[in-house]
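Engineer: Please find one structure pasted underneath; my questions will follow.
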Number of protein chains: 2
Amino acid sequence: MVTELSFTEENYLKAIYHLSSQDGESVNTNALAESMSTTPASANDMVKRLAQKNLIRYQKYKGASLLPSGKKIALNIVRKHRLWEVFLVDKLGFKWDEVHVIAEQLEHIKSPSLIKRLDKFLGHPTMDPHGDPIPNEDGVMKETRRASIAEVDIHSKGIVVAVNNDDTLLLQHLDSLGIKLGSKIDVLERMDFDGSVSITIDEGPKQFLSKPVAENLMITLTETK
Amino acid sequence: MVTELSFTEENYLKAIYHLSSQDGESVNTNALAESMSTTPASANDMVKRLAQKNLIRYQKYKGASLLPSGKKIALNIVRKHRLWEVFLVDKLGFKWDEVHVIAEQLEHIKSPSLIKRLDKFLGHPTMDPHGDPIPNEDGVMKETRRASIAEVDIHSKGIVVAVNNDDTLLLQHLDSLGIKLGSKIDVLERMDFDGSVSITIDEGPKQFLSKPVAENLMITLTETK
DNA sequence: ATTTATTTTTAGATTGATCTAAAAATAAAT
DNA sequence: ATTTATTTTTAGATCAATCTAAAAATAAAT
């Protein structure tokens, strides 16, 4: 009952969590196998094992869904993964896109006190470098609000999570400003006259964005005013 | 050839490294099994596997010793283990004696860039919280000098690694001063008159040690003047 | 130099995680 | 409502890591 789960079992639980967007939704074997880069037969074996451990509900030919105990474990892994990502980016200076693979390993380290202390060391972050929310110890995530920079209140802070446009000129413009996915944005002021916005990027100097640029830049809000 | 080693294989290499105090010395199967908390049969199986991978030299009934490739891997694991221990103590505030088990897990994380950055983040430490030397990227360890506080040069810095006496009164005295294994000591001055010494403990306020106390407190030197 | 004790190795089994290939169930198409 | 296609499951194998129990080699003792 208190048996420790293998890395593989943990990864399957995480995969089921990520694949079932709405709560309790069933994940079918093939999708699971695909997401784990393995065969349906292997996924099927594992699903039976997890069901036997009462972590998921599994009905033949109907797919698998997380039971409360399994969901708790999955959320804890997600929590660890995202906290480690914050560590890697904020403390070790990794880039946004380099950390996932390393966090995939770190998330399996088993030590509740380690995560407690890490969380504190990082200042109890509620969002990872990709703008995804970090579940708290009880698995509760802060509601994430996604909005364009054009529509948020001034003095909001957030993380760039998407660009609503693939115009090369826009992307080049953002690049020259040093804005990329994961950049931290502080919205300082908005001019009523033309809808342009002043911001800081990763705590850097004040910069200006025209309204069309601001409209295409999506952030998730870490602080709202 | 470039196949990744399993955690178990890495742990066996590390155990052989630790058990063969002098270089190239053979480790016998039973000792290895004992140190791995497993059976001689299992140790024997593993030893054959590692020999087949050219990481150790193994002769039936004669024991195993690390080959250069195996030693390199072992030293790298030791490096990772000790760097993580520094992180856990210096950054996360764990106590000296709580970190070993967690570092046993962290040492197997595979990412050279992670260790490079962690090392930098920690300020390129040369010693772990237990006073053991940290191998550099090439597996070279700084010679560690162990000495009593009574005999070191003033302005030396070091880590408490032993108390040469188990007198309860001495231990209580050290305890009341806040000195324990792993404490960082800065030796400030020595009075010629009575051989007493002033020090700081973990960067705290100046404290005094009488000569008999100083004589019994062993440190490994991190900085010599 | 035998006998005895200890250490080391082998043989055979088990368990977890995986695979391929074939069978069974479900869904889609005519 | 059959046929066809797709998905899912089972059966049987393999490989790493482990075990127990027995056999073989070495070391120690008389």
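Quick note on naming: the chains in the structure tokens go A, B, ... in the order shown, residues restart at 1 in each chain, and ligands are numbered from 1 in order of appearance.
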Quick one: everything within 12 Å of C:DT15, counting only C-alpha atoms (C1' of nucleotides), minus sequence neighbours fewer than 6 positions away in the same chain. Send it as a PyMOL selection string.
Structural biologist: chain D and resi 15-19
Engineer: Would you list, as a short mmCIF file (atom, residue, chain, number, x, y, z; two decimals) with N, CA and C atoms, in the first residue's frame, the residues of stretch 3-215 of chain A that end up in alpha helix (DSSP H) under DSSP run on this structure's backbone?
Structural biologist:
data_model
loop_
_atom_site.label_atom_id
_atom_site.label_comp_id
_atom_site.auth_asym_id
_atom_site.auth_seq_id
_atom_site.Cartn_x
_atom_site.Cartn_y
_atom_site.Cartn_z
N PHE A 7 9.59 5.04 -11.31
CA PHE A 7 9.59 6.22 -12.18
C PHE A 7 8.55 6.05 -13.28
N THR A 8 8.52 4.83 -13.84
CA THR A 8 7.62 4.58 -14.95
C THR A 8 6.17 4.74 -14.51
N GLU A 9 5.85 4.18 -13.38
CA GLU A 9 4.48 4.31 -12.89
C GLU A 9 4.13 5.78 -12.68
N GLU A 10 5.04 6.51 -12.09
CA GLU A 10 4.80 7.94 -11.89
C GLU A 10 4.59 8.66 -13.22
N ASN A 11 5.40 8.28 -14.21
CA ASN A 11 5.27 8.93 -15.51
C ASN A 11 3.95 8.62 -16.19
N TYR A 12 3.47 7.41 -16.01
CA TYR A 12 2.17 7.06 -16.57
C TYR A 12 1.06 7.89 -15.91
N LEU A 13 1.12 8.00 -14.61
CA LEU A 13 0.10 8.79 -13.90
C LEU A 13 0.11 10.23 -14.41
N LYS A 14 1.31 10.76 -14.57
CA LYS A 14 1.44 12.13 -15.06
C LYS A 14 0.85 12.25 -16.46
N ALA A 15 1.15 11.26 -17.29
CA ALA A 15 0.64 11.28 -18.67
C ALA A 15 -0.88 11.24 -18.68
N ILE A 16 -1.45 10.38 -17.84
CA ILE A 16 -2.92 10.31 -17.78
C ILE A 16 -3.47 11.66 -17.33
N TYR A 17 -2.82 12.24 -16.36
CA TYR A 17 -3.25 13.57 -15.90
C TYR A 17 -3.25 14.58 -17.04
N HIS A 18 -2.15 14.64 -17.77
CA HIS A 18 -2.04 15.64 -18.83
C HIS A 18 -3.00 15.36 -19.99
N LEU A 19 -3.28 14.08 -20.23
CA LEU A 19 -4.12 13.74 -21.38
C LEU A 19 -5.61 13.93 -21.09
N THR A 29 -5.96 3.76 -24.38
CA THR A 29 -4.66 3.08 -24.37
C THR A 29 -3.70 3.59 -25.44
N ASN A 30 -4.22 3.75 -26.64
CA ASN A 30 -3.34 4.16 -27.73
C ASN A 30 -2.76 5.55 -27.51
N ALA A 31 -3.59 6.46 -27.04
CA ALA A 31 -3.12 7.82 -26.79
C ALA A 31 -2.05 7.80 -25.70
N LEU A 32 -2.28 6.99 -24.72
CA LEU A 32 -1.34 6.88 -23.62
C LEU A 32 0.00 6.31 -24.11
N ALA A 33 -0.10 5.25 -24.90
CA ALA A 33 1.10 4.63 -25.46
C ALA A 33 1.87 5.65 -26.29
N GLU A 34 1.15 6.34 -27.13
CA GLU A 34 1.74 7.38 -27.98
C GLU A 34 2.49 8.40 -27.13
N SER A 35 1.84 8.89 -26.10
CA SER A 35 2.43 9.94 -25.27
C SER A 35 3.62 9.42 -24.46
N PRO A 40 1.03 0.11 -27.49
CA PRO A 40 -0.25 -0.05 -26.79
C PRO A 40 -0.21 -1.23 -25.81
N ALA A 41 0.49 -2.27 -26.17
CA ALA A 41 0.55 -3.44 -25.29
C ALA A 41 1.19 -3.07 -23.94
N SER A 42 2.26 -2.30 -24.00
CA SER A 42 2.94 -1.90 -22.76
C SER A 42 2.04 -1.00 -21.93
N ALA A 43 1.41 -0.06 -22.61
CA ALA A 43 0.52 0.86 -21.90
C ALA A 43 -0.61 0.08 -21.23
N ASN A 44 -1.07 -0.92 -21.94
CA ASN A 44 -2.15 -1.74 -21.40
C ASN A 44 -1.72 -2.49 -20.13
N ASP A 45 -0.51 -3.05 -20.21
CA ASP A 45 0.04 -3.74 -19.03
C ASP A 45 0.07 -2.77 -17.83
N MET A 46 0.60 -1.60 -18.09
CA MET A 46 0.79 -0.65 -17.00
C MET A 46 -0.54 -0.19 -16.42
N VAL A 47 -1.48 0.04 -17.30
CA VAL A 47 -2.80 0.49 -16.87
C VAL A 47 -3.44 -0.54 -15.93
N LYS A 48 -3.20 -1.80 -16.24
CA LYS A 48 -3.74 -2.84 -15.37
C LYS A 48 -3.06 -2.82 -14.00
N ARG A 49 -1.76 -2.58 -14.03
CA ARG A 49 -1.03 -2.53 -12.76
C ARG A 49 -1.47 -1.36 -11.89
N LEU A 50 -1.65 -0.22 -12.53
CA LEU A 50 -2.06 0.97 -11.77
C LEU A 50 -3.48 0.82 -11.23
N ALA A 51 -4.31 0.15 -12.02
CA ALA A 51 -5.69 -0.07 -11.57
C ALA A 51 -5.68 -1.00 -10.35
N GLN A 52 -4.80 -1.97 -10.42
CA GLN A 52 -4.71 -2.93 -9.32
C GLN A 52 -4.24 -2.24 -8.04
N PRO A 68 -8.82 9.57 -7.04
CA PRO A 68 -8.27 10.64 -6.20
C PRO A 68 -6.82 10.39 -5.76
N SER A 69 -6.53 9.17 -5.32
CA SER A 69 -5.16 8.87 -4.88
C SER A 69 -4.14 9.06 -6.01
N GLY A 70 -4.52 8.61 -7.21
CA GLY A 70 -3.64 8.76 -8.36
C GLY A 70 -3.48 10.20 -8.79
N LYS A 71 -4.57 10.93 -8.68
CA LYS A 71 -4.51 12.34 -9.08
C LYS A 71 -3.61 13.12 -8.13
N LYS A 72 -3.68 12.77 -6.88
CA LYS A 72 -2.84 13.43 -5.89
C LYS A 72 -1.36 13.22 -6.23
N ILE A 73 -1.04 11.99 -6.57
CA ILE A 73 0.35 11.69 -6.93
C ILE A 73 0.75 12.45 -8.19
N ALA A 74 -0.13 12.42 -9.19
CA ALA A 74 0.17 13.11 -10.45
C ALA A 74 0.41 14.59 -10.21
N LEU A 75 -0.44 15.20 -9.42
CA LEU A 75 -0.29 16.63 -9.16
C LEU A 75 0.99 16.93 -8.39
N ASN A 76 1.36 16.01 -7.54
CA ASN A 76 2.60 16.21 -6.80
C ASN A 76 3.82 16.16 -7.73
N ILE A 77 3.74 15.30 -8.73
CA ILE A 77 4.84 15.23 -9.68
C ILE A 77 4.88 16.50 -10.53
N VAL A 78 3.71 16.95 -10.93
CA VAL A 78 3.64 18.20 -11.69
C VAL A 78 4.22 19.34 -10.86
N ARG A 79 3.86 19.35 -9.58
CA ARG A 79 4.39 20.38 -8.67
C ARG A 79 5.92 20.35 -8.63
N LYS A 80 6.46 19.15 -8.46
CA LYS A 80 7.90 19.03 -8.37
C LYS A 80 8.56 19.45 -9.68
N HIS A 81 7.99 18.98 -10.77
CA HIS A 81 8.53 19.33 -12.08
C HIS A 81 8.62 20.84 -12.26
N ARG A 82 7.55 21.51 -11.93
CA ARG A 82 7.50 22.96 -12.19
C ARG A 82 8.37 23.74 -11.22
N LEU A 83 8.43 23.28 -9.98
CA LEU A 83 9.32 23.96 -9.03
C LEU A 83 10.78 23.83 -9.49
N TRP A 84 11.14 22.63 -9.91
CA TRP A 84 12.51 22.45 -10.39
C TRP A 84 12.79 23.33 -11.61
N GLU A 85 11.79 23.47 -12.46
CA GLU A 85 11.99 24.34 -13.63
C GLU A 85 12.26 25.78 -13.20
N VAL A 86 11.52 26.23 -12.21
CA VAL A 86 11.77 27.58 -11.70
C VAL A 86 13.20 27.68 -11.18
N HIS A 100 13.08 21.42 -19.54
CA HIS A 100 12.07 20.36 -19.43
C HIS A 100 12.69 18.98 -19.19
N VAL A 101 13.67 18.65 -20.01
CA VAL A 101 14.27 17.31 -19.93
C VAL A 101 14.92 17.07 -18.57
N ILE A 102 15.57 18.09 -18.06
CA ILE A 102 16.22 17.93 -16.75
C ILE A 102 15.17 17.79 -15.65
N ALA A 103 14.12 18.60 -15.75
CA ALA A 103 13.06 18.54 -14.73
C ALA A 103 12.34 17.18 -14.76
N GLU A 104 12.32 16.55 -15.93
CA GLU A 104 11.72 15.21 -16.04
C GLU A 104 12.44 14.22 -15.14
N GLN A 105 13.72 14.45 -14.95
CA GLN A 105 14.47 13.58 -14.04
C GLN A 105 14.26 14.03 -12.59
N LEU A 106 14.41 15.32 -12.36
CA LEU A 106 14.36 15.84 -10.99
C LEU A 106 13.00 15.60 -10.33
N PRO A 112 9.90 14.80 0.57
CA PRO A 112 8.97 15.90 0.80
C PRO A 112 9.67 17.13 1.40
N SER A 113 10.61 16.90 2.30
CA SER A 113 11.26 18.06 2.93
C SER A 113 12.09 18.83 1.91
N LEU A 114 12.64 18.13 0.94
CA LEU A 114 13.39 18.81 -0.11
C LEU A 114 12.49 19.77 -0.86
N ILE A 115 11.33 19.31 -1.23
CA ILE A 115 10.43 20.15 -2.02
C ILE A 115 9.91 21.31 -1.18
N LYS A 116 9.64 21.05 0.06
CA LYS A 116 9.20 22.11 0.96
C LYS A 116 10.25 23.23 1.01
N ARG A 117 11.49 22.82 1.19
CA ARG A 117 12.56 23.82 1.28
C ARG A 117 12.83 24.49 -0.05
N LEU A 118 12.76 23.71 -1.12
CA LEU A 118 12.99 24.30 -2.44
C LEU A 118 11.94 25.37 -2.72
N ASP A 119 10.71 25.02 -2.43
CA ASP A 119 9.60 25.95 -2.63
C ASP A 119 9.86 27.27 -1.88
N LYS A 120 10.29 27.14 -0.65
CA LYS A 120 10.58 28.32 0.15
C LYS A 120 11.75 29.11 -0.44
N PHE A 121 12.79 28.38 -0.80
CA PHE A 121 14.00 29.00 -1.38
C PHE A 121 13.64 29.81 -2.63
N THR A 168 6.42 37.39 -39.72
CA THR A 168 7.87 37.43 -39.49
C THR A 168 8.33 38.76 -38.95
N LEU A 169 7.74 39.82 -39.46
CA LEU A 169 8.15 41.15 -39.02
C LEU A 169 7.85 41.34 -37.53
N LEU A 170 6.69 40.86 -37.09
CA LEU A 170 6.35 40.96 -35.67
C LEU A 170 7.35 40.15 -34.83
N LEU A 171 7.60 38.93 -35.26
CA LEU A 171 8.51 38.08 -34.50
C LEU A 171 9.91 38.69 -34.42
N GLN A 172 10.34 39.28 -35.53
CA GLN A 172 11.65 39.94 -35.52
C GLN A 172 11.66 41.13 -34.58
N HIS A 173 10.56 41.87 -34.59
CA HIS A 173 10.44 43.02 -33.71
C HIS A 173 10.54 42.58 -32.25
N LEU A 174 9.80 41.52 -31.90
CA LEU A 174 9.84 41.01 -30.52
C LEU A 174 11.25 40.54 -30.17
N ASP A 175 11.86 39.89 -31.13
CA ASP A 175 13.20 39.38 -30.91
C ASP A 175 14.16 40.52 -30.61
N SER A 176 14.03 41.62 -31.36
CA SER A 176 14.95 42.75 -31.16
C SER A 176 14.69 43.43 -29.82
N LEU A 177 13.46 43.28 -29.31
CA LEU A 177 13.16 43.83 -27.98
C LEU A 177 13.61 42.87 -26.87
N LYS A 211 0.08 49.47 -29.91
CA LYS A 211 -1.13 48.70 -29.64
C LYS A 211 -1.18 47.37 -30.42
N PRO A 212 -0.89 47.37 -31.73
CA PRO A 212 -0.97 46.09 -32.45
C PRO A 212 -0.02 45.04 -31.88
N VAL A 213 1.14 45.47 -31.47
CA VAL A 213 2.08 44.51 -30.88
C VAL A 213 1.50 43.98 -29.56
N ALA A 214 1.04 44.90 -28.72
CA ALA A 214 0.50 44.52 -27.41
C ALA A 214 -0.68 43.55 -27.57
N GLU A 215 -1.48 43.76 -28.59
CA GLU A 215 -2.65 42.90 -28.80
C GLU A 215 -2.28 41.45 -29.11
#
Engineer: Would you list which chain D residues are within 8 Å of chain A using only C-alpha atoms (C1' of nucleotides), as a PyMOL selection string?
Structural biologist: chain D and resi 7-9
Engineer: Taking only C-alpha atoms (C1' of nucleotides) into account, what are the residues of chain C at most 12 Å from chain B, put as a list in words?
Structural biologist: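 Result, ordered by chain then number: DT6, DT7, DT8, DT9, DT10 and DA11 of chain C.
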Engineer: Would you put the residues from that selection into a file with C-alpha atoms (C1' of nucleotides), as a PDB file, in the first residue's frame?
Structural biologist:
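This went into selection31.pdb:
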ATOM      1  C1'  DT C   6      34.909 -19.365   4.582  1.00  0.00           C
ATOM      2  C1'  DT C   7      34.315 -17.079   0.395  1.00  0.00           C
ATOM      3  C1'  DT C   8      32.904 -16.985  -4.175  1.00  0.00           C
ATOM      4  C1'  DT C   9      30.476 -18.618  -7.968  1.00  0.00           C
ATOM      5  C1'  DT C  10      26.821 -20.977 -10.514  1.00  0.00           C
ATOM      6  C1'  DA C  11      22.159 -22.585 -11.452  1.00  0.00           C
TER       7       DA C  11
END
Engineer: Counting only C-alpha atoms, figure out which residue out of B:Phe87, B:Phe193, B:Trp96, B:Phe208 gets nearest to chain A.
Structural biologist: B:Phe87
Engineer: Using only C-alpha atoms for the distances, tell me which of A:Asp202, A:Asp90, A:Asp167, A:Asp132 is nearest to chain B.
Structural biologist: A:Asp90
Engineer: Could you check which of B:Ser111, B:Ser6, B:Thr224, B:Gln59 is closest to chain A, using only C-alpha atoms?
Structural biologist: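 So, comparing all the options, the nearest one is B:Ser111.
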Engineer: Tell me which protein, DNA and RNA residues are within 12 Å of C:DT3, counting only C-alpha atoms (C1' of nucleotides), leaving out same-chain ones fewer than 6 positions away, and put them as a PyMOL selection string.
Structural biologist: chain D and resi 28-30
Engineer: Write a file of the selected residues as a PDB file, in the first residue's frame, keeping N, CA and C atoms (P, O5', C5', C4', C3', O3' and C1' of nucleotides).
Structural biologist:
ATOM      1  P    DA D  28      43.798 -17.158   5.160  1.00  0.00           P
ATOM      2  O5'  DA D  28      43.347 -18.396   6.068  1.00  0.00           O
ATOM      3  C5'  DA D  28      42.012 -18.411   6.585  1.00  0.00           C
ATOM      4  C4'  DA D  28      41.894 -19.424   7.703  1.00  0.00           C
ATOM      5  C3'  DA D  28      43.046 -19.428   8.698  1.00  0.00           C
ATOM      6  O3'  DA D  28      42.461 -19.545   9.991  1.00  0.00           O
ATOM      7  C1'  DA D  28      42.866 -21.588   7.687  1.00  0.00           C
ATOM      8  P    DA D  29      43.226 -20.051  11.285  1.00  0.00           P
ATOM      9  O5'  DA D  29      43.040 -21.627  11.227  1.00  0.00           O
ATOM     10  C5'  DA D  29      41.754 -22.200  11.505  1.00  0.00           C
ATOM     11  C4'  DA D  29      41.937 -23.641  11.903  1.00  0.00           C
ATOM     12  C3'  DA D  29      42.966 -23.877  13.013  1.00  0.00           C
ATOM     13  O3'  DA D  29      42.492 -24.926  13.858  1.00  0.00           O
ATOM     14  C1'  DA D  29      43.621 -25.087  11.114  1.00  0.00           C
ATOM     15  P    DT D  30      43.045 -25.075  15.326  1.00  0.00           P
ATOM     16  O5'  DT D  30      43.687 -26.520  15.313  1.00  0.00           O
ATOM     17  C5'  DT D  30      42.828 -27.654  15.144  1.00  0.00           C
ATOM     18  C4'  DT D  30      43.556 -28.744  14.373  1.00  0.00           C
ATOM     19  C3'  DT D  30      44.712 -29.365  15.141  1.00  0.00           C
ATOM     20  O3'  DT D  30      44.298 -30.607  15.746  1.00  0.00           O
ATOM     21  C1'  DT D  30      45.164 -29.096  12.807  1.00  0.00           C
TER      22       DT D  30
END
Engineer: I need the residues of stretch 28-225 of chain A that end up classed as strand (DSSP E or B) by DSSP on the backbone, written out as number ranges by chain.
Structural biologist: A: 56-59, 63-66, 127, 133, 146-148, 157-163, 184-190, 197-201, 206-209, 217-223
Engineer: My list of candidates is C:DA13, C:DA28, C:DA5, C:DA22. Which is closest to D:DA27 when distances are computed with only C-alpha atoms (C1' of nucleotides)?
Structural biologist: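 Ranked by minimum distance to D:DA27, first place goes to C:DA5.
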Engineer: Which one of B:Ile154, B:Val99, B:Ile159, B:Leu5 sits closest to chain A if you count only C-alpha atoms?
Structural biologist: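 Distance minimum relative to chain A lands on B:Val99.
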Engineer: At a cut-off of 10 Å, using only C-alpha atoms (C1' of nucleotides), what residues contact B:Lys142? Leave out same-chain residues fewer than 5 positions from it and give the result as a ChimeraX atom specification.
Structural biologist: /B:126-127,132-136,222
Engineer: Which residue is closest to D:DT2? Choose from C:DT30, C:DT2, C:DT20, C:DT14 and count only C-alpha atoms (C1' of nucleotides).
Structural biologist: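 For D:DT2, the nearest of the candidates is C:DT30.
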Engineer: Quote the spacing between atom CA of A:Lys95 and atom CA of A:Ser148 in Å to one decimal place.
Structural biologist: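 Computing the Euclidean distance for atom CA of A:Lys95 and atom CA of A:Ser148 yields 23.0 Å.
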